[in-house]
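Reproduced below: coords09.cif, with mmCIF, C-alpha atoms.
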data_upload
#
loop_
_atom_site.label_atom_id
_atom_site.label_comp_id
_atom_site.auth_asym_id
_atom_site.auth_seq_id
_atom_site.Cartn_x
_atom_site.Cartn_y
_atom_site.Cartn_z
CA MET A 1 -11.00 -0.96 -19.17
CA LYS A 2 -10.15 -4.04 -17.09
CA ILE A 3 -7.54 -4.03 -14.31
CA ARG A 4 -6.18 -6.99 -12.39
CA MET A 5 -7.07 -6.12 -8.81
CA ASP A 6 -5.17 -9.13 -7.46
CA GLU A 7 -1.94 -8.05 -9.19
CA LEU A 8 -2.29 -4.51 -7.83
CA ILE A 9 -2.86 -5.86 -4.32
CA GLN A 10 0.32 -7.94 -4.65
CA SER A 11 2.34 -4.93 -5.82
CA ILE A 12 1.10 -2.83 -2.90
CA GLY A 13 1.86 -5.77 -0.64
CA THR A 14 5.45 -5.77 -1.89
CA ALA A 15 5.83 -2.15 -0.81
CA LEU A 16 4.20 -2.89 2.54
CA ASN A 17 6.73 -5.67 3.08
CA ILE A 18 9.50 -3.06 2.97
CA VAL A 19 7.88 -1.17 5.85
CA GLU A 20 7.35 -4.44 7.74
CA SER A 21 10.99 -5.35 7.24
CA ARG A 22 12.19 -1.95 8.46
CA LEU A 23 10.00 -1.92 11.58
CA LEU A 24 9.70 -5.57 12.53
CA GLY A 25 12.58 -7.26 10.72
CA ALA A 26 10.26 -9.25 8.46
CA SER A 27 11.89 -11.23 5.66
CA ASN A 28 11.56 -10.45 1.96
CA ASN A 29 8.21 -11.49 0.46
CA HIS A 30 6.77 -12.29 3.90
CA GLY A 31 3.29 -11.05 2.96
CA LYS A 32 3.19 -13.09 -0.25
CA ARG A 33 4.17 -16.25 1.62
CA ILE A 34 1.41 -15.66 4.19
CA ALA A 35 -1.10 -15.19 1.38
CA VAL A 36 0.03 -18.31 -0.49
CA LEU A 37 -0.15 -20.43 2.67
CA CYS A 38 -3.62 -19.04 3.41
CA SER A 39 -4.69 -19.89 -0.14
CA LEU A 40 -3.43 -23.45 0.16
CA MET A 41 -5.05 -23.93 3.55
CA GLY A 42 -8.27 -22.25 2.43
CA LYS A 43 -8.58 -24.62 -0.52
CA GLU A 44 -8.09 -27.58 1.82
CA LEU A 45 -10.92 -26.18 3.94
CA LYS A 46 -13.12 -25.92 0.81
CA MET A 47 -13.36 -22.13 0.83
CA ASP A 48 -15.05 -20.67 -2.24
CA LYS A 49 -13.43 -18.09 -4.54
CA GLU A 50 -14.85 -15.06 -2.72
CA GLU A 51 -13.68 -16.39 0.65
CA LEU A 52 -10.21 -17.03 -0.81
CA LYS A 53 -10.10 -13.49 -2.24
CA ALA A 54 -10.92 -12.11 1.18
CA VAL A 55 -8.48 -14.16 3.23
CA THR A 56 -5.55 -13.83 0.80
CA THR A 57 -6.07 -10.06 0.47
CA CYS A 58 -6.18 -9.72 4.26
CA ALA A 59 -3.05 -11.88 4.45
CA LEU A 60 -1.18 -9.62 2.03
CA PHE A 61 -2.40 -6.58 3.97
CA HIS A 62 -2.22 -8.07 7.47
CA ASP A 63 0.22 -5.35 8.55
CA ASN A 64 -1.30 -2.56 6.45
CA ALA A 65 -1.43 -0.19 9.44
CA LEU A 66 2.25 -0.31 10.31
CA THR A 67 2.75 3.20 8.96
CA GLU A 68 0.00 4.35 11.34
CA TYR A 69 1.79 2.42 14.08
CA ILE A 70 4.85 4.57 13.36
CA GLN A 71 2.81 7.64 14.22
CA SER A 72 1.31 6.08 17.37
CA GLU A 73 4.85 5.43 18.57
CA HIS A 74 5.44 9.20 18.54
CA LYS A 75 3.09 9.41 21.55
CA LYS A 76 5.31 9.21 24.60
CA ASP A 77 2.45 8.58 27.04
CA ASP A 78 1.65 5.17 25.62
CA THR A 79 3.21 1.73 25.96
CA GLN A 80 4.55 -0.21 23.02
CA GLY A 81 2.22 -3.10 23.75
CA LYS A 82 -0.85 -0.89 23.55
CA ASN A 83 0.44 0.80 20.42
CA PHE A 84 1.10 -2.56 18.82
CA LYS A 85 -2.54 -3.48 19.37
CA LEU A 86 -3.42 -0.32 17.47
CA HIS A 87 -1.88 -1.68 14.27
CA CYS A 88 -4.36 -4.58 14.48
CA GLU A 89 -7.28 -2.23 15.12
CA TYR A 90 -6.29 0.28 12.44
CA GLY A 91 -5.50 -2.54 10.04
CA GLN A 92 -8.96 -4.07 10.43
CA SER A 93 -10.62 -0.68 10.03
CA ASN A 94 -8.60 0.01 6.88
CA ILE A 95 -9.29 -3.32 5.20
CA GLU A 96 -13.03 -3.06 5.86
CA LYS A 97 -13.11 -0.15 3.41
CA LEU A 98 -12.69 -2.68 0.59
CA PRO A 99 -15.99 -4.09 -0.70
CA PHE A 100 -15.60 -7.84 -0.15
CA LYS A 101 -18.51 -10.13 -0.87
CA THR A 102 -17.87 -12.19 2.25
CA ASP A 103 -17.44 -11.38 5.94
CA ILE A 104 -13.90 -10.38 6.99
CA ASN A 105 -14.77 -9.32 10.52
CA GLY A 106 -11.75 -9.83 12.76
CA PHE A 107 -9.42 -11.25 10.08
CA ILE A 108 -6.72 -8.64 10.75
CA LEU A 109 -7.88 -7.52 14.18
CA TYR A 110 -7.21 -10.98 15.63
CA HIS A 111 -4.24 -12.14 13.57
CA HIS A 112 -2.00 -12.08 16.66
CA GLU A 113 -4.35 -14.23 18.77
CA HIS A 114 -3.46 -17.68 20.15
CA ALA A 115 -5.77 -20.65 20.58
CA ASP A 116 -5.24 -20.66 24.37
CA GLY A 117 -6.22 -16.99 24.77
CA SER A 118 -2.69 -15.66 25.33
CA GLY A 119 -2.75 -13.28 22.36
CA LEU A 120 -3.10 -9.49 22.28
CA PHE A 121 -6.88 -9.46 22.80
CA GLY A 122 -7.22 -12.65 24.86
CA LYS A 123 -9.48 -14.39 22.34
CA LYS A 124 -9.61 -18.19 22.52
CA GLU A 125 -9.91 -20.73 19.72
CA ASP A 126 -13.68 -20.66 19.29
CA GLU A 127 -13.73 -16.84 19.37
CA ILE A 128 -11.22 -16.30 16.53
CA PRO A 129 -12.56 -16.13 12.94
CA VAL A 130 -11.14 -18.82 10.66
CA GLY A 131 -9.56 -16.20 8.40
CA ALA A 132 -7.65 -14.75 11.36
CA GLN A 133 -6.62 -18.26 12.42
CA LEU A 134 -5.14 -18.95 8.98
CA ILE A 135 -3.24 -15.65 8.87
CA ALA A 136 -1.99 -16.15 12.43
CA ILE A 137 -0.49 -19.61 11.94
CA ALA A 138 1.06 -18.68 8.58
CA ASP A 139 2.51 -15.47 10.04
CA ILE A 140 4.05 -17.13 13.11
CA ILE A 141 5.51 -20.08 11.22
CA ASP A 142 7.08 -17.92 8.52
CA VAL A 143 8.60 -15.54 11.07
CA ILE A 144 9.98 -18.27 13.35
CA HIS A 145 11.01 -20.90 10.81
CA HIS A 146 12.09 -18.74 7.85
CA LEU A 147 10.16 -20.70 5.24
CA GLN A 148 11.91 -18.95 2.36
CA HIS A 149 14.99 -21.09 2.99
CA LEU A 150 13.73 -23.98 5.13
CA PRO A 151 15.61 -27.22 4.23
CA VAL A 152 13.09 -29.78 3.00
CA GLU A 153 14.55 -32.39 5.36
CA ASN A 154 13.34 -30.19 8.24
CA ILE A 155 9.68 -30.42 7.22
CA PRO A 156 8.93 -33.38 9.55
CA LEU A 157 10.48 -31.49 12.48
CA LEU A 158 8.34 -28.44 11.68
CA GLN A 159 5.21 -30.59 11.47
CA LYS A 160 5.98 -32.07 14.89
CA GLU A 161 6.50 -28.58 16.33
CA ILE A 162 3.11 -27.47 14.95
CA GLU A 163 1.50 -30.56 16.46
CA LYS A 164 2.98 -29.67 19.87
CA GLN A 165 1.50 -26.17 19.65
CA LYS A 166 -1.96 -27.37 18.66
CA GLY A 167 -4.47 -25.82 21.05
CA LYS A 168 -1.81 -23.47 22.41
CA HIS A 169 -0.44 -21.10 19.75
CA TYR A 170 -2.43 -22.65 16.90
CA THR A 171 -6.05 -23.74 16.66
CA LYS A 172 -6.67 -27.45 16.04
CA THR A 173 -8.21 -26.81 12.63
CA THR A 174 -5.40 -24.66 11.28
CA ALA A 175 -2.65 -26.78 12.81
CA ASP A 176 -4.00 -29.88 11.08
CA VAL A 177 -4.44 -28.17 7.73
CA MET A 178 -1.01 -26.51 7.89
CA ILE A 179 0.62 -29.86 8.61
CA SER A 180 -1.22 -31.36 5.62
CA ILE A 181 0.02 -28.75 3.09
CA LEU A 182 3.65 -28.68 4.21
CA ASN A 183 5.60 -30.71 1.70
CA LYS A 184 8.60 -30.38 -0.60
CA GLU A 185 6.61 -28.68 -3.36
CA THR A 186 5.12 -26.10 -1.00
CA ILE A 187 8.48 -25.16 0.54
CA PHE A 188 10.07 -24.93 -2.91
CA SER A 189 7.25 -22.60 -4.07
CA LEU A 190 7.82 -20.26 -1.11
CA ASN A 191 11.48 -19.41 -1.66
CA ASP A 192 12.35 -15.92 -2.87
CA GLU A 193 13.12 -17.09 -6.40
CA ASN A 194 9.68 -18.66 -6.87
CA ILE A 195 7.27 -16.79 -4.59
CA ARG A 196 6.22 -14.12 -7.10
CA LYS A 197 5.30 -16.75 -9.69
CA THR A 198 3.63 -18.87 -7.00
CA ALA A 199 1.49 -15.96 -5.82
CA ARG A 200 0.42 -15.16 -9.38
CA GLN A 201 -0.63 -18.78 -9.88
CA LEU A 202 -2.29 -19.54 -6.55
CA LEU A 203 -3.99 -16.32 -5.47
CA PRO A 204 -7.46 -15.95 -6.99
CA ALA A 205 -7.70 -13.67 -10.01
CA TRP A 206 -9.77 -10.54 -9.43
CA GLU A 207 -10.50 -8.43 -12.50
CA VAL A 208 -12.45 -5.17 -12.27
CA GLU A 209 -13.24 -2.11 -14.35
CA ALA A 210 -11.07 0.96 -13.67
CA GLN A 211 -14.02 2.85 -12.20
CA ASP A 212 -15.12 -0.08 -10.00
CA GLU A 213 -15.75 0.71 -6.33
CA ALA A 214 -13.25 -1.96 -5.25
CA ILE A 215 -10.26 -0.48 -7.00
CA ILE A 216 -11.12 3.12 -6.11
CA ARG A 217 -11.32 2.12 -2.46
CA LEU A 218 -8.07 0.14 -2.73
CA ALA A 219 -6.39 3.24 -4.13
CA GLY A 220 -7.72 5.31 -1.24
CA LEU A 221 -6.46 2.76 1.29
CA SER A 222 -3.06 2.66 -0.42
CA ALA A 223 -2.82 6.45 -0.33
CA LYS A 224 -3.50 6.36 3.41
CA ILE A 225 -0.77 3.76 3.96
CA ILE A 226 1.71 5.83 1.95
CA ASP A 227 0.78 9.11 3.61
CA TYR A 228 1.27 7.78 7.14
CA ALA A 229 4.94 7.08 6.43
CA SER A 230 5.62 10.61 7.72
CA VAL A 231 3.78 13.05 9.99
CA PHE A 232 4.26 15.69 7.28
CA THR A 233 2.52 13.74 4.51
CA ARG A 234 -0.58 12.58 6.35
CA LYS A 235 -2.87 13.89 3.57
CA HIS A 236 -0.44 14.21 0.68
CA SER A 237 -1.37 11.32 -1.64
CA ILE A 238 -5.08 11.33 -0.89
CA GLN A 239 -5.32 15.08 -1.43
CA ILE A 240 -3.45 14.78 -4.71
CA ALA A 241 -5.92 12.06 -5.74
CA ASN A 242 -8.89 14.20 -4.66
CA LYS A 243 -7.52 17.24 -6.47
CA ALA A 244 -6.84 15.18 -9.60
CA TRP A 245 -10.44 13.93 -9.50
CA LEU A 246 -11.70 17.51 -9.15
CA MET A 247 -9.56 18.63 -12.09
CA GLY A 248 -10.87 15.69 -14.11
CA SER A 249 -14.39 16.96 -13.48
CA TYR A 250 -13.31 20.45 -14.60
CA TYR A 251 -12.01 18.98 -17.85
CA ASN A 252 -15.17 16.87 -18.33
CA PHE A 253 -13.29 13.58 -18.45
CA ASP A 254 -15.42 10.44 -18.68
CA PRO A 255 -15.78 8.17 -15.59
CA THR A 256 -13.07 5.74 -16.72
CA MET A 257 -10.52 8.50 -17.28
CA GLN A 258 -11.46 10.09 -13.94
CA ALA A 259 -10.90 6.79 -12.18
CA LYS A 260 -7.57 6.18 -13.90
CA ILE A 261 -6.31 9.63 -12.93
CA PHE A 262 -7.45 9.08 -9.34
CA LEU A 263 -5.57 5.76 -9.25
CA ALA A 264 -2.38 7.24 -10.67
CA ALA A 265 -2.53 10.14 -8.23
CA ALA A 266 -3.27 7.98 -5.19
CA LEU A 267 -0.41 5.59 -6.02
CA HIS A 268 2.18 8.07 -7.32
CA ASP A 269 4.30 7.86 -4.15
CA LEU A 270 3.97 4.10 -3.60
CA GLY A 271 7.74 3.77 -4.01
CA LYS A 272 8.20 6.21 -1.12
CA LEU A 273 7.51 3.33 1.28
CA TYR A 274 11.10 2.31 0.47
CA THR A 275 12.37 5.66 1.81
CA PRO A 276 13.54 5.83 5.46
CA THR A 277 11.37 8.05 7.67
CA GLU A 278 14.37 10.03 8.92
CA ILE A 279 15.02 11.25 5.38
CA LEU A 280 11.35 12.06 4.74
CA GLU A 281 11.21 14.15 7.93
CA LYS A 282 14.65 15.76 7.81
CA PRO A 283 14.12 19.47 8.61
CA GLY A 284 17.30 20.71 6.90
CA LYS A 285 18.64 20.44 3.39
CA LEU A 286 19.21 16.93 2.07
CA ASP A 287 22.75 15.98 1.11
CA GLU A 288 23.44 14.47 -2.31
CA ASN A 289 23.09 10.87 -1.15
CA GLU A 290 19.84 11.58 0.70
CA PHE A 291 18.40 13.37 -2.32
CA ASN A 292 19.29 10.41 -4.53
CA ILE A 293 17.44 8.14 -2.10
CA ILE A 294 14.41 10.43 -2.29
CA LYS A 295 14.55 10.47 -6.10
CA ALA A 296 14.64 6.66 -6.19
CA HIS A 297 11.04 6.52 -4.93
CA VAL A 298 9.78 7.38 -8.42
CA ARG A 299 11.55 4.41 -9.96
CA GLY A 300 10.15 2.30 -7.12
CA THR A 301 6.64 3.41 -8.02
CA TYR A 302 7.25 2.58 -11.68
CA ASP A 303 8.63 -0.89 -10.92
CA LEU A 304 5.72 -1.78 -8.64
CA LEU A 305 2.94 -0.53 -10.92
CA ASN A 306 4.55 -1.84 -14.09
CA GLU A 307 3.73 -5.37 -12.94
CA VAL A 308 -0.03 -4.80 -13.03
CA THR A 309 -1.93 -5.88 -16.14
CA GLY A 310 -3.91 -2.97 -17.64
CA PHE A 311 -1.92 -0.35 -15.73
CA GLU A 312 0.20 0.98 -18.59
CA ASP A 313 -1.26 4.51 -18.59
CA ILE A 314 -1.58 4.67 -14.82
CA CYS A 315 2.03 3.54 -14.33
CA ARG A 316 3.31 6.14 -16.82
CA TRP A 317 1.35 8.99 -15.25
CA ALA A 318 2.23 8.02 -11.67
CA SER A 319 5.94 7.76 -12.39
CA SER A 320 6.12 11.07 -14.28
CA HIS A 321 5.13 13.35 -11.42
CA HIS A 322 8.69 14.73 -10.96
CA GLU A 323 9.42 15.21 -14.65
CA LYS A 324 9.79 18.75 -16.07
CA LEU A 325 9.04 20.06 -19.52
CA ASP A 326 12.67 21.09 -20.07
CA GLY A 327 13.98 17.58 -19.33
CA THR A 328 15.59 18.43 -15.97
CA GLY A 329 13.19 16.33 -13.88
CA TYR A 330 13.51 12.72 -12.69
CA CYS A 331 13.64 9.77 -12.84
CA PHE A 332 13.49 9.41 -16.64
CA GLY A 333 14.47 12.93 -17.71
CA LYS A 334 11.52 13.21 -20.08
CA LYS A 335 11.00 16.36 -22.13
CA ALA A 336 7.82 18.22 -23.10
CA GLU A 337 7.07 16.11 -26.18
CA GLU A 338 7.25 12.94 -24.06
CA LEU A 339 4.84 14.17 -21.39
CA ASP A 340 1.15 13.86 -22.21
CA PHE A 341 -1.55 16.04 -20.68
CA ILE A 342 -2.28 13.76 -17.70
CA SER A 343 1.40 13.42 -16.83
CA ARG A 344 1.64 17.22 -16.86
CA LEU A 345 -1.54 17.52 -14.79
CA LEU A 346 -0.27 15.16 -12.08
CA ALA A 347 3.09 16.95 -11.97
CA CYS A 348 1.29 20.25 -11.30
CA THR A 349 -0.99 18.58 -8.76
CA ASP A 350 1.95 17.10 -6.86
CA ILE A 351 3.72 20.46 -6.74
CA TYR A 352 0.58 22.31 -5.65
CA GLN A 353 -0.01 19.90 -2.78
CA ALA A 354 3.64 19.82 -1.69
CA VAL A 355 3.81 23.61 -1.65
CA CYS A 356 0.52 24.23 0.17
CA GLU A 357 0.90 21.60 2.91
CA GLU A 358 3.15 21.90 5.97
CA ARG A 359 6.58 20.32 5.58
CA PRO A 360 9.67 20.17 7.83
CA TYR A 361 11.18 23.02 5.82
CA HIS A 362 8.14 25.31 5.32
CA PRO A 363 4.74 26.10 6.89
CA ALA A 364 1.38 25.53 5.19
CA ARG A 365 0.62 28.07 2.45
CA ASN A 366 -2.66 29.54 1.21
CA HIS A 367 -3.85 29.30 -2.38
CA ASN A 368 -2.42 32.64 -3.53
CA ASP A 369 1.03 31.96 -2.13
CA THR A 370 1.00 28.45 -3.60
CA MET A 371 0.04 29.78 -7.02
CA GLN A 372 2.97 32.21 -6.98
CA VAL A 373 5.31 29.21 -6.77
CA LEU A 374 3.53 27.39 -9.60
CA PHE A 375 3.46 30.46 -11.86
CA SER A 376 7.17 30.96 -11.25
CA MET A 377 7.87 27.36 -12.26
CA ALA A 378 5.68 27.72 -15.35
CA GLN A 379 7.56 30.87 -16.40
CA LYS A 380 10.84 28.96 -16.14
CA GLY A 381 9.49 26.29 -18.49
CA PHE A 382 9.26 23.54 -15.86
CA ILE A 383 5.51 22.87 -15.82
CA ASP A 384 2.49 23.44 -18.09
CA SER A 385 1.33 27.08 -17.90
CA GLY A 386 -2.18 26.28 -19.16
CA ILE A 387 -2.78 23.75 -16.40
CA VAL A 388 -1.35 26.19 -13.86
CA LYS A 389 -3.91 28.81 -14.94
CA ASP A 390 -6.69 26.24 -14.58
CA TYR A 391 -5.42 25.43 -11.10
CA GLU A 392 -5.67 29.09 -10.15
CA THR A 393 -9.37 28.95 -11.02
CA VAL A 394 -10.40 25.53 -9.73
CA MET A 395 -8.53 25.52 -6.41
CA ALA A 396 -9.40 29.08 -5.35
CA ASP A 397 -12.29 27.81 -3.20
CA TYR A 398 -10.02 25.34 -1.36
CA SER A 399 -7.38 27.66 0.10
CA LEU A 400 -6.10 25.95 3.30
CA LYS A 401 -8.94 23.41 2.92
CA ASP A 402 -9.05 19.75 1.92
CA VAL A 403 -10.72 18.75 -1.33
CA PRO A 404 -13.50 16.23 -0.48
CA SER A 405 -12.94 12.59 -1.41
CA PRO A 406 -14.85 11.14 -4.37
CA MET A 407 -15.04 7.86 -2.40
CA SER A 408 -18.04 9.30 -0.59
CA GLU A 409 -19.90 8.66 -3.85
CA PHE A 410 -19.53 4.90 -3.40
#
Starting from the coordinates I provided, produce the structure as structure tokens.
Amino acid sequence: MKIRMDELIQSIGTALNIVESRLLGASNNHGKRIAVLCSLMGKELKMDKEELKAVTTCALFHDNALTEYIQSEHKKDDTQGKNFKLHCEYGQSNIEKLPFKTDINGFILYHHEHADGSGLFGKKEDEIPVGAQLIAIADIIDVIHHLQHLPVENIPLLQKEIEKQKGKHYTKTTADVMISILNKETIFSLNDENIRKTARQLLPAWEVEAQDEAIIRLAGLSAKIIDYASVFTRKHSIQIANKAWLMGSYYNFDPTMQAKIFLAAALHDLGKLYTPTEILEKPGKLDENEFNIIKAHVRGTYDLLNEVTGFEDICRWASSHHEKLDGTGYCFGKKAEELDFISRLLACTDIYQAVCEERPYHPARNHNDTMQVLFSMAQKGFIDSGIVKDYETVMADYSLKDVPSPMSEF
């Protein structure tokens, strides 16, 4: 089964943009514009397809560690400047988990560097990898000049400004190539109405099998990004994915099905990146409006994954994790006959993990206490009793323990 890796990366990038907007005030579709500009510049520099895959993926994910940056900001004994450097370091470490066929060393680590050495790490022009140079100039120009609604008559002024900053903010190579690609057609392609289509057309296609190492690792990275949105969900998505993989082994699913379940589980809360942290970490009962905001994350997950070619099953399973057999779940209100086995399995997995892990409103629970909650829900007709019984067997050895990641197999 083939999956469009590039489309999935763009969907995850859309969710990341929401976090970037909330924390840094980034504009809509900022990541996509950075990636498109990097693609255009990379082609001018005669990069090959693998190099373009690497630099555009890093561009889309250039702020992938912002959710980890949220957690570093909780440390009161640190300065914001040092913490901000951490998002570059974490971001580079995260992206290196993806199996690129070309070197990406420093692409994200140094994306806030300046040609004159005045950036976060003090690297000068000849010390900054070209990929980082491309991301840096695209990032700065989009933030400062708001390319999504730049009047075309202002293009010459922008080109002159870039020329002035050559050798200062921008390296000579990237300044020249950026000036060369800035024209009416480029600016038109970057506005919010056109950017999604532009990204689909200009970013290199990347098609893989569902069980491919690249997409499994991307799912693991995405789960980490999602989980770091709150101190109480640091292992939530990845543990659901690991548990789903373990259950797939118990049911003797083939490798493709195992991989698809892992993907759906890892990405099931992707829409939660839209949810404000203060609601995720509220210790008391949510009011009606707050609960509606929480519920909306499922629809967010559906909308993001529904855009990925070959993701039909994965999207359905991921967005059904809060459905109940009696039709009282959300966000689609599906009933038992509309929920296939995998949808039921992921619903049970999500509940098991949420019940056993520490949350603002309850402490961590052992396996036996967790199973009492699941059996009670099964008796009420909410979740599949057969799967619950299987969970009692399979998870008994993991009481208050993490299930190992299948990514260690790659």
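Closest approach to Asn191 (chain A) among A:Val152, A:Leu147, A:Met407, A:Leu158 is made by A:Leu147 (distances from all atoms listed in the file).
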Could you give me the centre and size, in Å to one decimal, of an axis-aligned box around all listed atoms of region 380-392 of chain A with 8 Å added on every side, as JSON?
{"center_x": 2.1, "center_y": 26.0, "center_z": -14.7, "size_x": 33.5, "size_y": 22.2, "size_z": 25.0}
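Remark: for Thr67 (chain A), the closest of the candidate residues A:Glu89, A:Glu278, A:Asp287, A:Asp227 is A:Asp227 (distances computed over only C-alpha atoms).
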If the PyMOL selection byres ((chain A and resi 390-405) around 7) is run on the structure shown, which residues does it catch, given as number ranges by chain?
A: 239, 242-243, 366-367, 371, 386-389, 406-408
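Relative to CA of Cys331 (chain A), CA of Arg359 (chain A) is found at 22.4 Å.
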Which neighbours of region 115-129 of chain A fall inside 9 Å, counting only C-alpha atoms, when residues of the same chain fewer than 3 positions from it are skipped, and could you give them as a list of chain:residue names?
A:Gly81, A:Lys82, A:Phe84, A:Lys85, A:Ile104, A:Asn105, A:Gly106, A:Phe107, A:Leu109, A:Tyr110, A:His111, A:His112, A:Ala132, A:Gln133, A:Leu134, A:Lys166, A:Gly167, A:Lys168, A:His169, A:Tyr170, A:Thr171, A:Lys172
Selection from above, C-alpha atoms, as a CSV table (one decimal), in the coordinates of the input, can you write it?
chain,number,residue,atom,x,y,z
A,81,GLY,CA,2.2,-3.1,23.8
A,82,LYS,CA,-0.8,-0.9,23.6
A,84,PHE,CA,1.1,-2.6,18.8
A,85,LYS,CA,-2.5,-3.5,19.4
A,104,ILE,CA,-13.9,-10.4,7.0
A,105,ASN,CA,-14.8,-9.3,10.5
A,106,GLY,CA,-11.8,-9.8,12.8
A,107,PHE,CA,-9.4,-11.2,10.1
A,109,LEU,CA,-7.9,-7.5,14.2
A,110,TYR,CA,-7.2,-11.0,15.6
A,111,HIS,CA,-4.2,-12.1,13.6
A,112,HIS,CA,-2.0,-12.1,16.7
A,132,ALA,CA,-7.6,-14.8,11.4
A,133,GLN,CA,-6.6,-18.3,12.4
A,134,LEU,CA,-5.1,-19.0,9.0
A,166,LYS,CA,-2.0,-27.4,18.7
A,167,GLY,CA,-4.5,-25.8,21.0
A,168,LYS,CA,-1.8,-23.5,22.4
A,169,HIS,CA,-0.4,-21.1,19.8
A,170,TYR,CA,-2.4,-22.6,16.9
A,171,THR,CA,-6.0,-23.7,16.7
A,172,LYS,CA,-6.7,-27.4,16.0
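Minimum atom-to-atom distances from A:Asn29, A:Ser222, A:Thr173, A:Gln211 to Gly91 (chain A) were compared using all atoms listed in the file, and the lowest value belongs to A:Ser222.
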Can you list, as number ranges by chain, every protein, DNA or RNA residue that comes within 12 Å of Lys335 (chain A) when you count all atoms listed in the file, leaving out same-chain residues fewer than 5 positions away?
A: 320, 322-330, 340, 343-344, 381-384
Determine, counting all atoms listed in the file, every residue of protein, DNA or RNA that lies within 12 Å of (7.4, -12.5, 2.9) in the file coordinates, then give the result as a short mmCIF file (atom, residue, chain, number, x, y, z; two decimals) with C-alpha atoms, in the frame of the given file.
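Below you can see point_35.cif, which holds the result:
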data_model
loop_
_atom_site.label_atom_id
_atom_site.label_comp_id
_atom_site.auth_asym_id
_atom_site.auth_seq_id
_atom_site.Cartn_x
_atom_site.Cartn_y
_atom_site.Cartn_z
CA GLN A 10 0.32 -7.94 -4.65
CA GLY A 13 1.86 -5.77 -0.64
CA THR A 14 5.45 -5.77 -1.89
CA ALA A 15 5.83 -2.15 -0.81
CA LEU A 16 4.20 -2.89 2.54
CA ASN A 17 6.73 -5.67 3.08
CA ILE A 18 9.50 -3.06 2.97
CA VAL A 19 7.88 -1.17 5.85
CA GLU A 20 7.35 -4.44 7.74
CA SER A 21 10.99 -5.35 7.24
CA GLY A 25 12.58 -7.26 10.72
CA ALA A 26 10.26 -9.25 8.46
CA SER A 27 11.89 -11.23 5.66
CA ASN A 28 11.56 -10.45 1.96
CA ASN A 29 8.21 -11.49 0.46
CA HIS A 30 6.77 -12.29 3.90
CA GLY A 31 3.29 -11.05 2.96
CA LYS A 32 3.19 -13.09 -0.25
CA ARG A 33 4.17 -16.25 1.62
CA ILE A 34 1.41 -15.66 4.19
CA ALA A 35 -1.10 -15.19 1.38
CA VAL A 36 0.03 -18.31 -0.49
CA LEU A 37 -0.15 -20.43 2.67
CA ALA A 59 -3.05 -11.88 4.45
CA LEU A 60 -1.18 -9.62 2.03
CA PHE A 61 -2.40 -6.58 3.97
CA HIS A 62 -2.22 -8.07 7.47
CA ASP A 63 0.22 -5.35 8.55
CA ALA A 138 1.06 -18.68 8.58
CA ASP A 139 2.51 -15.47 10.04
CA ILE A 140 4.05 -17.13 13.11
CA ILE A 141 5.51 -20.08 11.22
CA ASP A 142 7.08 -17.92 8.52
CA VAL A 143 8.60 -15.54 11.07
CA HIS A 146 12.09 -18.74 7.85
CA LEU A 147 10.16 -20.70 5.24
CA GLN A 148 11.91 -18.95 2.36
CA HIS A 149 14.99 -21.09 2.99
CA LEU A 190 7.82 -20.26 -1.11
CA ASN A 191 11.48 -19.41 -1.66
CA ASP A 192 12.35 -15.92 -2.87
CA GLU A 193 13.12 -17.09 -6.40
CA ASN A 194 9.68 -18.66 -6.87
CA ILE A 195 7.27 -16.79 -4.59
CA ARG A 196 6.22 -14.12 -7.10
CA ALA A 199 1.49 -15.96 -5.82
#
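From CA of Leu305 (chain A) back to CA of Leu8 (chain A), the distance works out to 7.3 Å.
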What would the selection look like, as a tab-separated table (two decimals) with C-alpha atoms, in the frame of the given file, if the PyMOL selection byres ((chain A and resi 98) around 8) were run on the coordinates I just shared?
chain	number	residue	atom	x	y	z
A	94	ASN	CA	-8.60	0.01	6.88
A	95	ILE	CA	-9.29	-3.32	5.20
A	96	GLU	CA	-13.03	-3.06	5.86
A	97	LYS	CA	-13.11	-0.15	3.41
A	99	PRO	CA	-15.99	-4.09	-0.70
A	100	PHE	CA	-15.60	-7.84	-0.15
A	214	ALA	CA	-13.25	-1.96	-5.25
A	217	ARG	CA	-11.32	2.12	-2.46
A	218	LEU	CA	-8.07	0.14	-2.73
Write out as an mmCIF file with C-alpha atoms, keeping the file's coordinate frame each polymer residue whose atoms come within 12 Å of Thr102 (chain A), counting all atoms listed in the file; drop sequence neighbours fewer than 4 positions from it.
data_model
loop_
_atom_site.group_PDB
_atom_site.id
_atom_site.type_symbol
_atom_site.label_atom_id
_atom_site.label_comp_id
_atom_site.auth_asym_id
_atom_site.auth_seq_id
_atom_site.Cartn_x
_atom_site.Cartn_y
_atom_site.Cartn_z
ATOM 1 C CA MET A 47 -13.360 -22.130 0.830
ATOM 2 C CA ASP A 48 -15.050 -20.670 -2.240
ATOM 3 C CA LYS A 49 -13.430 -18.090 -4.540
ATOM 4 C CA GLU A 50 -14.850 -15.060 -2.720
ATOM 5 C CA GLU A 51 -13.680 -16.390 0.650
ATOM 6 C CA LEU A 52 -10.210 -17.030 -0.810
ATOM 7 C CA LYS A 53 -10.100 -13.490 -2.240
ATOM 8 C CA ALA A 54 -10.920 -12.110 1.180
ATOM 9 C CA VAL A 55 -8.480 -14.160 3.230
ATOM 10 C CA GLU A 96 -13.030 -3.060 5.860
ATOM 11 C CA LEU A 98 -12.690 -2.680 0.590
ATOM 12 C CA PHE A 107 -9.420 -11.250 10.080
ATOM 13 C CA GLY A 131 -9.560 -16.200 8.400
#
